file query.cif (mmCIF, N, CA and C atoms)
data_coords
#
loop_
_atom_site.label_atom_id
_atom_site.label_comp_id
_atom_site.auth_asym_id
_atom_site.auth_seq_id
_atom_site.Cartn_x
_atom_site.Cartn_y
_atom_site.Cartn_z
N MET A 19 164.29 63.15 83.33
CA MET A 19 163.17 63.48 82.46
C MET A 19 161.85 63.46 83.23
N LYS A 20 161.72 62.44 84.13
CA LYS A 20 160.50 62.35 84.92
C LYS A 20 160.37 63.55 85.85
N LYS A 21 161.50 64.01 86.44
CA LYS A 21 161.46 65.17 87.32
C LYS A 21 161.02 66.42 86.55
N LEU A 22 161.53 66.59 85.34
CA LEU A 22 161.17 67.74 84.52
C LEU A 22 159.68 67.71 84.18
N PHE A 23 159.19 66.54 83.83
CA PHE A 23 157.76 66.39 83.52
C PHE A 23 156.91 66.66 84.75
N LEU A 24 157.33 66.14 85.91
CA LEU A 24 156.59 66.34 87.16
C LEU A 24 156.57 67.82 87.54
N ILE A 25 157.69 68.51 87.41
CA ILE A 25 157.75 69.94 87.72
C ILE A 25 156.86 70.72 86.77
N ALA A 26 156.87 70.37 85.49
CA ALA A 26 156.02 71.05 84.51
C ALA A 26 154.54 70.81 84.81
N ALA A 27 154.18 69.61 85.19
CA ALA A 27 152.79 69.28 85.49
C ALA A 27 152.31 70.04 86.73
N ILE A 28 153.15 70.09 87.76
CA ILE A 28 152.78 70.81 88.99
C ILE A 28 152.66 72.31 88.71
N THR A 29 153.60 72.84 87.93
CA THR A 29 153.54 74.26 87.58
C THR A 29 152.29 74.57 86.79
N PHE A 30 151.95 73.73 85.83
CA PHE A 30 150.74 73.93 85.03
C PHE A 30 149.50 73.87 85.90
N GLN A 31 149.44 72.88 86.80
CA GLN A 31 148.29 72.73 87.70
C GLN A 31 148.14 73.97 88.57
N PHE A 32 149.22 74.45 89.14
CA PHE A 32 149.19 75.64 89.99
C PHE A 32 148.76 76.86 89.19
N TYR A 33 149.33 77.01 88.01
CA TYR A 33 149.00 78.17 87.16
C TYR A 33 147.55 78.15 86.73
N SER A 34 147.04 77.00 86.33
CA SER A 34 145.65 76.92 85.86
C SER A 34 144.66 77.16 86.99
N CYS A 35 144.99 76.79 88.21
CA CYS A 35 144.09 77.04 89.34
C CYS A 35 144.01 78.53 89.65
N ASN A 36 145.11 79.22 89.52
CA ASN A 36 145.13 80.65 89.85
C ASN A 36 144.52 81.52 88.78
N THR A 37 144.49 81.07 87.54
CA THR A 37 143.99 81.92 86.46
C THR A 37 142.58 81.56 86.02
N ALA A 38 142.00 80.55 86.62
CA ALA A 38 140.64 80.16 86.23
C ALA A 38 139.67 81.26 86.65
N LYS A 39 138.82 81.66 85.74
CA LYS A 39 137.83 82.69 86.04
C LYS A 39 136.54 82.03 86.50
N THR A 40 135.97 82.60 87.54
CA THR A 40 134.69 82.12 88.03
C THR A 40 133.59 82.87 87.29
N ILE A 41 132.74 82.14 86.63
CA ILE A 41 131.64 82.76 85.91
C ILE A 41 130.46 82.85 86.88
N PRO A 42 129.98 84.09 87.15
CA PRO A 42 128.88 84.22 88.11
C PRO A 42 127.61 83.57 87.57
N SER A 43 126.91 82.90 88.45
CA SER A 43 125.65 82.27 88.02
C SER A 43 124.51 83.26 88.23
N ASN A 44 123.58 83.22 87.31
CA ASN A 44 122.44 84.12 87.38
C ASN A 44 121.39 83.60 88.35
N VAL A 45 120.72 84.53 88.99
CA VAL A 45 119.62 84.23 89.88
C VAL A 45 118.35 84.77 89.22
N THR A 46 117.31 83.95 89.16
CA THR A 46 116.04 84.43 88.61
C THR A 46 115.30 85.19 89.68
N ILE A 47 114.97 86.44 89.36
CA ILE A 47 114.24 87.27 90.31
C ILE A 47 112.94 87.74 89.66
N SER A 48 112.01 88.12 90.48
CA SER A 48 110.76 88.70 89.98
C SER A 48 110.32 89.74 90.99
N GLY A 49 109.40 90.58 90.57
CA GLY A 49 108.94 91.61 91.47
C GLY A 49 107.85 92.46 90.87
N HIS A 50 107.57 93.53 91.55
CA HIS A 50 106.49 94.45 91.19
C HIS A 50 107.05 95.86 91.36
N ILE A 51 106.79 96.74 90.40
CA ILE A 51 107.28 98.11 90.47
C ILE A 51 106.11 99.07 90.42
N GLU A 52 106.12 100.04 91.32
CA GLU A 52 105.11 101.10 91.34
C GLU A 52 105.83 102.44 91.34
N ASN A 53 105.18 103.43 90.80
CA ASN A 53 105.76 104.77 90.82
C ASN A 53 104.69 105.83 91.07
N ASN A 54 105.15 106.93 91.64
CA ASN A 54 104.35 108.15 91.70
C ASN A 54 105.12 109.21 90.95
N GLN A 55 104.71 110.46 91.03
CA GLN A 55 105.37 111.48 90.22
C GLN A 55 105.45 112.80 90.96
N GLN A 56 106.58 113.47 90.83
CA GLN A 56 106.72 114.83 91.34
C GLN A 56 105.95 115.77 90.42
N TYR A 57 105.56 116.90 90.97
CA TYR A 57 105.03 117.95 90.11
C TYR A 57 106.20 118.51 89.33
N ILE A 58 106.09 118.57 88.02
CA ILE A 58 107.22 118.88 87.15
C ILE A 58 107.51 120.38 87.04
N GLY A 59 106.54 121.22 87.15
CA GLY A 59 106.85 122.65 87.07
C GLY A 59 105.67 123.48 86.65
N GLY A 60 105.90 124.76 86.54
CA GLY A 60 104.83 125.68 86.20
C GLY A 60 104.20 126.24 87.47
N ALA A 61 103.06 126.87 87.29
CA ALA A 61 102.34 127.45 88.44
C ALA A 61 101.93 126.34 89.41
N ARG A 62 101.84 126.70 90.67
CA ARG A 62 101.45 125.69 91.68
C ARG A 62 100.08 125.12 91.32
N PRO A 63 99.99 123.79 91.27
CA PRO A 63 98.72 123.16 90.90
C PRO A 63 97.77 123.08 92.08
N PRO A 64 96.51 122.75 91.82
CA PRO A 64 95.56 122.54 92.92
C PRO A 64 96.02 121.37 93.81
N GLU A 65 95.62 121.43 95.05
CA GLU A 65 96.00 120.39 96.03
C GLU A 65 95.56 119.00 95.58
N GLU A 66 94.40 118.89 94.91
CA GLU A 66 93.90 117.59 94.44
C GLU A 66 94.88 116.95 93.47
N LEU A 67 95.48 117.75 92.61
CA LEU A 67 96.46 117.21 91.64
C LEU A 67 97.71 116.73 92.36
N LEU A 68 98.19 117.48 93.34
CA LEU A 68 99.36 117.06 94.10
C LEU A 68 99.09 115.75 94.85
N GLU A 69 97.88 115.62 95.40
CA GLU A 69 97.51 114.38 96.09
C GLU A 69 97.47 113.20 95.13
N LYS A 70 96.97 113.42 93.93
CA LYS A 70 96.90 112.35 92.93
C LYS A 70 98.30 111.95 92.47
N LEU A 71 99.19 112.93 92.28
CA LEU A 71 100.55 112.62 91.86
C LEU A 71 101.31 111.84 92.93
N ALA A 72 100.96 111.99 94.19
CA ALA A 72 101.66 111.33 95.29
C ALA A 72 101.30 109.85 95.42
N ILE A 73 100.21 109.41 94.79
CA ILE A 73 99.76 108.01 94.89
C ILE A 73 100.63 107.12 94.00
N TYR A 74 101.06 105.97 94.54
CA TYR A 74 101.84 105.00 93.76
C TYR A 74 100.90 104.13 92.93
N TYR A 75 101.23 104.03 91.65
CA TYR A 75 100.48 103.19 90.70
C TYR A 75 101.44 102.17 90.10
N PRO A 76 100.92 101.01 89.65
CA PRO A 76 101.81 100.04 88.98
C PRO A 76 102.49 100.68 87.77
N SER A 77 103.75 100.40 87.61
CA SER A 77 104.51 100.88 86.45
C SER A 77 104.25 99.93 85.29
N SER A 78 103.10 100.09 84.67
CA SER A 78 102.69 99.14 83.64
C SER A 78 103.36 99.41 82.30
N GLU A 79 103.79 98.32 81.65
CA GLU A 79 104.40 98.38 80.31
C GLU A 79 105.57 99.35 80.25
N GLN A 80 106.36 99.40 81.32
CA GLN A 80 107.51 100.31 81.39
C GLN A 80 108.80 99.55 81.07
N LEU A 81 109.68 100.19 80.33
CA LEU A 81 110.98 99.62 80.01
C LEU A 81 112.01 100.17 80.99
N PHE A 82 112.79 99.28 81.61
CA PHE A 82 113.83 99.66 82.56
C PHE A 82 115.17 99.09 82.09
N TYR A 83 116.24 99.79 82.45
CA TYR A 83 117.59 99.37 82.11
C TYR A 83 118.37 99.13 83.39
N VAL A 84 119.22 98.11 83.37
CA VAL A 84 119.99 97.71 84.56
C VAL A 84 121.47 97.98 84.28
N ARG A 85 122.11 98.74 85.20
CA ARG A 85 123.54 99.03 85.10
C ARG A 85 124.26 98.48 86.33
N ASN A 86 125.49 98.03 86.12
CA ASN A 86 126.28 97.52 87.25
C ASN A 86 126.97 98.66 87.99
N SER A 87 127.82 98.30 88.96
CA SER A 87 128.47 99.33 89.79
C SER A 87 129.46 100.18 88.99
N ASN A 88 129.87 99.71 87.82
CA ASN A 88 130.74 100.51 86.93
C ASN A 88 129.92 101.35 85.96
N ASN A 89 128.61 101.40 86.15
CA ASN A 89 127.68 102.16 85.32
C ASN A 89 127.59 101.60 83.89
N GLU A 90 127.93 100.31 83.72
CA GLU A 90 127.83 99.66 82.41
C GLU A 90 126.45 99.04 82.27
N LEU A 91 125.87 99.18 81.10
CA LEU A 91 124.56 98.60 80.82
C LEU A 91 124.68 97.08 80.80
N ILE A 92 123.87 96.41 81.63
CA ILE A 92 123.90 94.96 81.73
C ILE A 92 122.76 94.33 80.94
N THR A 93 121.55 94.82 81.16
CA THR A 93 120.37 94.26 80.50
C THR A 93 119.23 95.25 80.61
N SER A 94 118.11 94.88 80.05
CA SER A 94 116.88 95.67 80.20
C SER A 94 115.74 94.70 80.44
N PHE A 95 114.63 95.23 80.94
CA PHE A 95 113.43 94.41 81.12
C PHE A 95 112.21 95.30 81.04
N LYS A 96 111.08 94.70 80.77
CA LYS A 96 109.83 95.44 80.65
C LYS A 96 108.81 94.84 81.60
N THR A 97 108.08 95.73 82.28
CA THR A 97 107.03 95.26 83.18
C THR A 97 105.78 94.92 82.37
N ASP A 98 104.92 94.09 82.95
CA ASP A 98 103.65 93.78 82.29
C ASP A 98 102.62 94.85 82.66
N SER A 99 101.39 94.62 82.30
CA SER A 99 100.34 95.63 82.52
C SER A 99 100.06 95.88 84.00
N ASN A 100 100.50 94.96 84.88
CA ASN A 100 100.30 95.12 86.32
C ASN A 100 101.55 95.61 87.05
N GLY A 101 102.62 95.89 86.29
CA GLY A 101 103.86 96.34 86.90
C GLY A 101 104.76 95.20 87.36
N ASN A 102 104.48 93.97 86.97
CA ASN A 102 105.28 92.81 87.37
C ASN A 102 106.39 92.56 86.36
N TYR A 103 107.47 91.96 86.81
CA TYR A 103 108.60 91.65 85.94
C TYR A 103 109.33 90.42 86.44
N SER A 104 110.17 89.87 85.58
CA SER A 104 111.05 88.76 85.92
C SER A 104 112.29 88.86 85.05
N LEU A 105 113.46 88.58 85.64
CA LEU A 105 114.71 88.58 84.87
C LEU A 105 115.76 87.80 85.62
N GLN A 106 116.90 87.59 84.98
CA GLN A 106 118.01 86.87 85.59
C GLN A 106 119.22 87.80 85.68
N LEU A 107 119.82 87.82 86.87
CA LEU A 107 121.03 88.61 87.12
C LEU A 107 121.93 87.85 88.08
N PRO A 108 123.24 88.03 87.97
CA PRO A 108 124.13 87.47 88.99
C PRO A 108 123.99 88.25 90.30
N ASN A 109 124.42 87.65 91.40
CA ASN A 109 124.42 88.35 92.68
C ASN A 109 125.19 89.66 92.54
N GLY A 110 124.71 90.70 93.20
CA GLY A 110 125.38 91.99 93.14
C GLY A 110 124.38 93.12 93.32
N THR A 111 124.88 94.33 93.24
CA THR A 111 124.04 95.52 93.38
C THR A 111 123.99 96.23 92.04
N TYR A 112 122.79 96.61 91.63
CA TYR A 112 122.57 97.20 90.32
C TYR A 112 121.71 98.45 90.44
N GLY A 113 121.96 99.41 89.58
CA GLY A 113 121.12 100.58 89.46
C GLY A 113 120.09 100.33 88.36
N VAL A 114 118.84 100.70 88.62
CA VAL A 114 117.77 100.51 87.64
C VAL A 114 117.29 101.89 87.19
N PHE A 115 117.23 102.08 85.88
CA PHE A 115 116.91 103.36 85.28
C PHE A 115 115.70 103.22 84.37
N ARG A 116 114.78 104.16 84.46
CA ARG A 116 113.64 104.13 83.55
C ARG A 116 114.10 104.55 82.16
N GLN A 117 113.28 104.26 81.18
CA GLN A 117 113.63 104.48 79.79
C GLN A 117 114.01 105.93 79.50
N GLU A 118 113.29 106.88 80.08
CA GLU A 118 113.55 108.30 79.84
C GLU A 118 114.99 108.67 80.19
N LYS A 119 115.50 108.17 81.31
CA LYS A 119 116.87 108.49 81.70
C LYS A 119 117.89 107.80 80.80
N GLN A 120 117.65 106.54 80.49
CA GLN A 120 118.60 105.79 79.68
C GLN A 120 118.75 106.39 78.28
N GLU A 121 117.66 106.86 77.71
CA GLU A 121 117.67 107.33 76.34
C GLU A 121 117.86 108.85 76.22
N TYR A 122 118.04 109.54 77.36
CA TYR A 122 118.20 110.99 77.33
C TYR A 122 119.51 111.37 76.66
N LYS A 123 119.45 112.30 75.74
CA LYS A 123 120.62 112.82 75.06
C LYS A 123 120.82 114.27 75.46
N GLN A 124 122.03 114.62 75.84
CA GLN A 124 122.35 116.00 76.22
C GLN A 124 122.13 116.92 75.01
N SER A 125 121.48 118.03 75.22
CA SER A 125 121.22 118.97 74.13
C SER A 125 121.80 120.33 74.47
N LYS A 126 121.68 121.27 73.53
CA LYS A 126 122.22 122.62 73.75
C LYS A 126 121.52 123.34 74.89
N THR A 127 120.25 122.98 75.14
CA THR A 127 119.51 123.64 76.21
C THR A 127 119.74 122.97 77.57
N SER A 128 120.48 121.88 77.59
CA SER A 128 120.75 121.17 78.84
C SER A 128 121.83 121.87 79.64
N LYS A 129 121.78 121.68 80.94
CA LYS A 129 122.83 122.18 81.81
C LYS A 129 124.09 121.34 81.57
N PRO A 130 125.26 121.97 81.52
CA PRO A 130 126.48 121.19 81.31
C PRO A 130 126.78 120.30 82.52
N LYS A 131 127.33 119.14 82.25
CA LYS A 131 127.73 118.19 83.29
C LYS A 131 126.59 117.84 84.24
N CYS A 132 125.44 117.57 83.71
CA CYS A 132 124.29 117.20 84.52
C CYS A 132 124.39 115.73 84.91
N ASP A 133 124.20 115.43 86.18
CA ASP A 133 124.35 114.07 86.68
C ASP A 133 123.02 113.33 86.81
N TRP A 134 121.91 113.94 86.48
CA TRP A 134 120.59 113.35 86.65
C TRP A 134 120.49 111.98 85.98
N VAL A 135 121.10 111.84 84.80
CA VAL A 135 121.00 110.58 84.05
C VAL A 135 121.77 109.45 84.72
N ASN A 136 122.68 109.75 85.63
CA ASN A 136 123.48 108.72 86.29
C ASN A 136 122.95 108.33 87.67
N ILE A 137 121.85 108.92 88.09
CA ILE A 137 121.25 108.59 89.38
C ILE A 137 120.15 107.57 89.15
N PRO A 138 120.30 106.35 89.67
CA PRO A 138 119.28 105.32 89.41
C PRO A 138 117.94 105.70 90.05
N ASP A 139 116.88 105.21 89.41
CA ASP A 139 115.55 105.40 89.99
C ASP A 139 115.39 104.55 91.25
N PHE A 140 116.02 103.39 91.24
CA PHE A 140 116.09 102.54 92.44
C PHE A 140 117.21 101.54 92.24
N THR A 141 117.59 100.85 93.30
CA THR A 141 118.66 99.85 93.21
C THR A 141 118.12 98.47 93.53
N LEU A 142 118.79 97.48 92.98
CA LEU A 142 118.50 96.08 93.29
C LEU A 142 119.77 95.47 93.86
N THR A 143 119.67 94.84 95.01
CA THR A 143 120.78 94.08 95.56
C THR A 143 120.38 92.62 95.53
N ILE A 144 120.95 91.89 94.58
CA ILE A 144 120.56 90.50 94.32
C ILE A 144 121.35 89.57 95.22
N THR A 145 120.64 88.68 95.92
CA THR A 145 121.25 87.62 96.72
C THR A 145 120.55 86.32 96.40
N GLU A 146 121.22 85.22 96.69
CA GLU A 146 120.62 83.91 96.43
C GLU A 146 119.45 83.63 97.37
N LYS A 147 119.41 84.31 98.52
CA LYS A 147 118.38 84.03 99.52
C LYS A 147 117.07 84.75 99.25
N GLN A 148 117.05 85.67 98.29
CA GLN A 148 115.85 86.44 98.02
C GLN A 148 115.50 86.31 96.55
N SER A 149 114.21 86.20 96.25
CA SER A 149 113.79 86.10 94.85
C SER A 149 112.74 87.15 94.48
N ASP A 150 112.10 87.76 95.49
CA ASP A 150 111.08 88.77 95.22
C ASP A 150 111.65 90.16 95.49
N TYR A 151 111.61 91.00 94.47
CA TYR A 151 112.15 92.34 94.57
C TYR A 151 111.10 93.34 94.10
N SER A 152 110.33 93.88 95.03
CA SER A 152 109.32 94.87 94.69
C SER A 152 109.85 96.25 95.08
N ASN A 153 109.57 97.24 94.22
CA ASN A 153 110.13 98.57 94.43
C ASN A 153 109.12 99.66 94.13
N GLN A 154 109.31 100.78 94.78
CA GLN A 154 108.55 102.00 94.49
C GLN A 154 109.57 103.10 94.22
N TYR A 155 109.26 103.95 93.25
CA TYR A 155 110.13 105.08 92.96
C TYR A 155 109.29 106.26 92.52
N THR A 156 109.90 107.44 92.52
CA THR A 156 109.23 108.66 92.13
C THR A 156 109.80 109.16 90.81
N ILE A 157 108.94 109.43 89.85
CA ILE A 157 109.38 110.03 88.59
C ILE A 157 109.68 111.49 88.90
N ASP A 158 110.95 111.83 88.77
CA ASP A 158 111.37 113.19 89.10
C ASP A 158 111.62 114.00 87.84
N ARG A 159 111.74 115.29 88.04
CA ARG A 159 111.98 116.20 86.92
C ARG A 159 113.39 116.00 86.38
N ASN A 160 113.54 116.15 85.08
CA ASN A 160 114.85 116.09 84.45
C ASN A 160 115.61 117.36 84.82
N PHE A 161 116.55 117.22 85.76
CA PHE A 161 117.30 118.38 86.25
C PHE A 161 118.36 118.86 85.27
N CYS A 162 118.51 118.17 84.14
CA CYS A 162 119.44 118.63 83.11
C CYS A 162 118.83 119.75 82.28
N LEU A 163 117.51 119.90 82.35
CA LEU A 163 116.81 120.93 81.61
C LEU A 163 116.48 122.10 82.54
N GLU A 164 116.34 123.25 81.98
CA GLU A 164 115.95 124.42 82.77
C GLU A 164 114.53 124.22 83.30
N PRO A 165 114.22 124.69 84.51
CA PRO A 165 112.88 124.51 85.07
C PRO A 165 111.82 125.22 84.23
N ILE A 166 110.63 124.65 84.26
CA ILE A 166 109.49 125.26 83.57
C ILE A 166 109.03 126.45 84.39
N PRO A 167 108.87 127.61 83.76
CA PRO A 167 108.49 128.82 84.53
C PRO A 167 107.07 128.71 85.09
#
call {"tool": "encode", "arguments": {"input": "query.cif", "output": "structure tokens"}}
result
Amino acid sequence: MKKLFLIAAITFQFYSCNTAKTIPSNVTISGHIENNQQYIGGARPPEELLEKLAIYYPSSEQLFYVRNSNNELITSFKTDSNGNYSLQLPNGTYGVFRQEKQEYKQSKTSKPKCDWVNIPDFTLTITEKQSDYSNQYTIDRNFCLEPIP
């Protein structure tokens, strides 16, 4: 009886060690986001406008969405008036999408199978050794829509 109990206890111990799931711990990160903008379309604008669009400005009061490597929505965050943010994420690499991309719905005028919505505006690679994540990105044209003439 003791042998049977000992074998059962060892088997249970071995089984529980192999099936235990490790819950990833979150890392608190903060940073600053700035963006500039591509010229979206139409007749060629004056050079002054193109120069102004090329300047990076704080992404103030912007809503961003975070997706993991499987393209699953993990969380969202909003920048303050200066483009600063703070959030918690486990270590890993994430795609960050601005609100326009996350909330875009394919319409009849959209190009079929457009991948624009799946291309992150920038990526975050979270490690325990880093806590400041500042990024710059360019607001690009929605390539799912036909170009503006």
call {"tool": "closest_residue", "arguments": {"input": "query.cif", "among": "A:Pro138, A:Gly59, A:Gly49, A:Gly113", "to": "Tyr83 (chain A)", "atoms": "all atoms listed in the file"}}
result
A:Gly113
call {"tool": "atom_distance", "arguments": {"input": "query.cif", "atom1": "atom N of Lys96 (chain A)", "atom2": "atom C of Gln117 (chain A)"}}
result
11.7 Å
call {"tool": "closest_residue", "arguments": {"input": "query.cif", "among": "A:Arg159, A:Ser78, A:Val114, A:Gly101", "to": "Phe140 (chain A)", "atoms": "all atoms listed in the file"}}
result
A:Val114
call {"tool": "atom_distance", "arguments": {"input": "query.cif", "atom1": "CA of Asp139 (chain A)", "atom2": "CA of Tyr155 (chain A)"}}
result
6.2 Å
call {"tool": "resolve_selection", "arguments": {"input": "query.cif", "expression": "the PyMOL selection byres (((chain A and resi 89 and name CA) around 10) and name CA)", "output": "list of chain:residue names"}}
result
A:Val84, A:Arg85, A:Asn86, A:Ser87, A:Asn88, A:Glu90, A:Leu91, A:Ile92, A:Tyr112, A:Gly113, A:Asn136, A:Ile137, A:Pro138
call {"tool": "atom_distance", "arguments": {"input": "query.cif", "atom1": "CA of Gln55 (chain A)", "atom2": "CA of Leu68 (chain A)"}}
result
9.1 Å
call {"tool": "residues_around", "arguments": {"input": "query.cif", "residues": "Ile73 (chain A)", "least_positions_apart": "2", "cutoff": "8 Å", "atoms": "only N, CA and C atoms", "output": "PyMOL selection string"}}
result
chain A and resi 52-55+68-71+75-76
call {"tool": "select_by_dssp", "arguments": {"input": "query.cif", "residues": "region 30-120 of chain A", "states": "strand (DSSP E)", "output": "VMD selection string"}}
result
chain A and resid 44 to 55 75 to 76 81 to 85 91 to 96 102 to 108 110 to 116
call {"tool": "residues_around", "arguments": {"input": "query.cif", "residues": "Phe82 (chain A)", "least_positions_apart": "3", "cutoff": "6 Å", "atoms": "all atoms listed in the file", "output": "ChimeraX atom specification"}}
result
/A:93-97,115-117
call {"tool": "write_last_selection", "arguments": {"input": "query.cif", "atoms": "N, CA and C atoms", "output": "CSV table (one decimal), in the frame of the given file"}}
result
chain,number,residue,atom,x,y,z
A,93,THR,N,121.6,94.8,81.2
A,93,THR,CA,120.4,94.3,80.5
A,93,THR,C,119.2,95.2,80.6
A,94,SER,N,118.1,94.9,80.0
A,94,SER,CA,116.9,95.7,80.2
A,94,SER,C,115.7,94.7,80.4
A,95,PHE,N,114.6,95.2,80.9
A,95,PHE,CA,113.4,94.4,81.1
A,95,PHE,C,112.2,95.3,81.0
A,96,LYS,N,111.1,94.7,80.8
A,96,LYS,CA,109.8,95.4,80.6
A,96,LYS,C,108.8,94.8,81.6
A,97,THR,N,108.1,95.7,82.3
A,97,THR,CA,107.0,95.3,83.2
A,97,THR,C,105.8,94.9,82.4
A,115,PHE,N,117.2,102.1,85.9
A,115,PHE,CA,116.9,103.4,85.3
A,115,PHE,C,115.7,103.2,84.4
A,116,ARG,N,114.8,104.2,84.5
A,116,ARG,CA,113.6,104.1,83.6
A,116,ARG,C,114.1,104.6,82.2
A,117,GLN,N,113.3,104.3,81.2
A,117,GLN,CA,113.6,104.5,79.8
A,117,GLN,C,114.0,105.9,79.5
call {"tool": "residues_around", "arguments": {"input": "query.cif", "residues": "Asn102 (chain A)", "least_positions_apart": "2", "cutoff": "5 Å", "atoms": "only N, CA and C atoms", "output": "list in words"}}
result
Gly49, His50, Ile51, Thr97, Asp98, Asn100 and Ser104 of chain A
call {"tool": "resolve_selection", "arguments": {"input": "query.cif", "expression": "the PyMOL selection byres (((chain A and resi 150-152 and name CA) around 8) and name CA)", "output": "list in words"}}
result
Ile47, Ser48, Gly49, His50, Ile51, Leu142, Gln148, Ser149, Asn153 and Gln154 of chain A
call {"tool": "closest_residue", "arguments": {"input": "query.cif", "among": "A:Glu121, A:Asp133, A:Asp158, A:Glu146", "to": "Tyr57 (chain A)", "atoms": "only N, CA and C atoms"}}
result
A:Asp158
call {"tool": "select_by_dssp", "arguments": {"input": "query.cif", "residues": "region 30-163 of chain A", "states": "helix (DSSP H, G or I)", "output": "ChimeraX atom specification"}}
result
/A:30-37,65-72,117-120,134-136
call {"tool": "closest_residue", "arguments": {"input": "query.cif", "among": "A:Ala61, A:Thr46, A:Gln80, A:Leu163", "to": "Lys123 (chain A)", "atoms": "only C-alpha atoms"}}
result
A:Leu163
call {"tool": "closest_residue", "arguments": {"input": "query.cif", "among": "A:Thr145, A:Val135, A:Leu81, A:Glu118", "to": "Asn44 (chain A)", "atoms": "only C-alpha atoms"}}
result
A:Thr145
call {"tool": "build_atoms", "arguments": {"input": "query.cif", "residues": "region 138-149 of chain A", "atoms": "N, CA, C and O atoms", "output": "PDB file, in the coordinates of the input"}}
result
ATOM      1  N   PRO A 138     120.300 106.350  89.670  1.00  0.00           N
ATOM      2  CA  PRO A 138     119.280 105.320  89.410  1.00  0.00           C
ATOM      3  C   PRO A 138     117.940 105.700  90.050  1.00  0.00           C
ATOM      4  O   PRO A 138     117.888 106.390  91.058  1.00  0.00           O
ATOM      5  N   ASP A 139     116.880 105.210  89.410  1.00  0.00           N
ATOM      6  CA  ASP A 139     115.550 105.400  89.990  1.00  0.00           C
ATOM      7  C   ASP A 139     115.390 104.550  91.250  1.00  0.00           C
ATOM      8  O   ASP A 139     114.726 104.938  92.189  1.00  0.00           O
ATOM      9  N   PHE A 140     116.020 103.390  91.240  1.00  0.00           N
ATOM     10  CA  PHE A 140     116.090 102.540  92.440  1.00  0.00           C
ATOM     11  C   PHE A 140     117.210 101.540  92.240  1.00  0.00           C
ATOM     12  O   PHE A 140     117.752 101.418  91.133  1.00  0.00           O
ATOM     13  N   THR A 141     117.590 100.850  93.300  1.00  0.00           N
ATOM     14  CA  THR A 141     118.660  99.850  93.210  1.00  0.00           C
ATOM     15  C   THR A 141     118.120  98.470  93.530  1.00  0.00           C
ATOM     16  O   THR A 141     117.124  98.325  94.253  1.00  0.00           O
ATOM     17  N   LEU A 142     118.790  97.480  92.980  1.00  0.00           N
ATOM     18  CA  LEU A 142     118.500  96.080  93.290  1.00  0.00           C
ATOM     19  C   LEU A 142     119.770  95.470  93.860  1.00  0.00           C
ATOM     20  O   LEU A 142     120.833  95.586  93.248  1.00  0.00           O
ATOM     21  N   THR A 143     119.670  94.840  95.010  1.00  0.00           N
ATOM     22  CA  THR A 143     120.780  94.080  95.560  1.00  0.00           C
ATOM     23  C   THR A 143     120.380  92.620  95.530  1.00  0.00           C
ATOM     24  O   THR A 143     119.535  92.186  96.315  1.00  0.00           O
ATOM     25  N   ILE A 144     120.950  91.890  94.580  1.00  0.00           N
ATOM     26  CA  ILE A 144     120.560  90.500  94.320  1.00  0.00           C
ATOM     27  C   ILE A 144     121.350  89.570  95.220  1.00  0.00           C
ATOM     28  O   ILE A 144     122.578  89.641  95.284  1.00  0.00           O
ATOM     29  N   THR A 145     120.640  88.680  95.920  1.00  0.00           N
ATOM     30  CA  THR A 145     121.250  87.620  96.720  1.00  0.00           C
ATOM     31  C   THR A 145     120.550  86.320  96.400  1.00  0.00           C
ATOM     32  O   THR A 145     119.422  86.313  95.897  1.00  0.00           O
ATOM     33  N   GLU A 146     121.220  85.220  96.690  1.00  0.00           N
ATOM     34  CA  GLU A 146     120.620  83.910  96.430  1.00  0.00           C
ATOM     35  C   GLU A 146     119.450  83.630  97.370  1.00  0.00           C
ATOM     36  O   GLU A 146     118.604  82.798  97.081  1.00  0.00           O
ATOM     37  N   LYS A 147     119.410  84.310  98.520  1.00  0.00           N
ATOM     38  CA  LYS A 147     118.380  84.030  99.520  1.00  0.00           C
ATOM     39  C   LYS A 147     117.070  84.750  99.250  1.00  0.00           C
ATOM     40  O   LYS A 147     116.077  84.494  99.909  1.00  0.00           O
ATOM     41  N   GLN A 148     117.050  85.670  98.290  1.00  0.00           N
ATOM     42  CA  GLN A 148     115.850  86.440  98.020  1.00  0.00           C
ATOM     43  C   GLN A 148     115.500  86.310  96.550  1.00  0.00           C
ATOM     44  O   GLN A 148     116.367  86.289  95.687  1.00  0.00           O
ATOM     45  N   SER A 149     114.210  86.200  96.250  1.00  0.00           N
ATOM     46  CA  SER A 149     113.790  86.100  94.850  1.00  0.00           C
ATOM     47  C   SER A 149     112.740  87.150  94.480  1.00  0.00           C
ATOM     48  O   SER A 149     112.512  87.393  93.311  1.00  0.00           O
TER      49      SER A 149
END
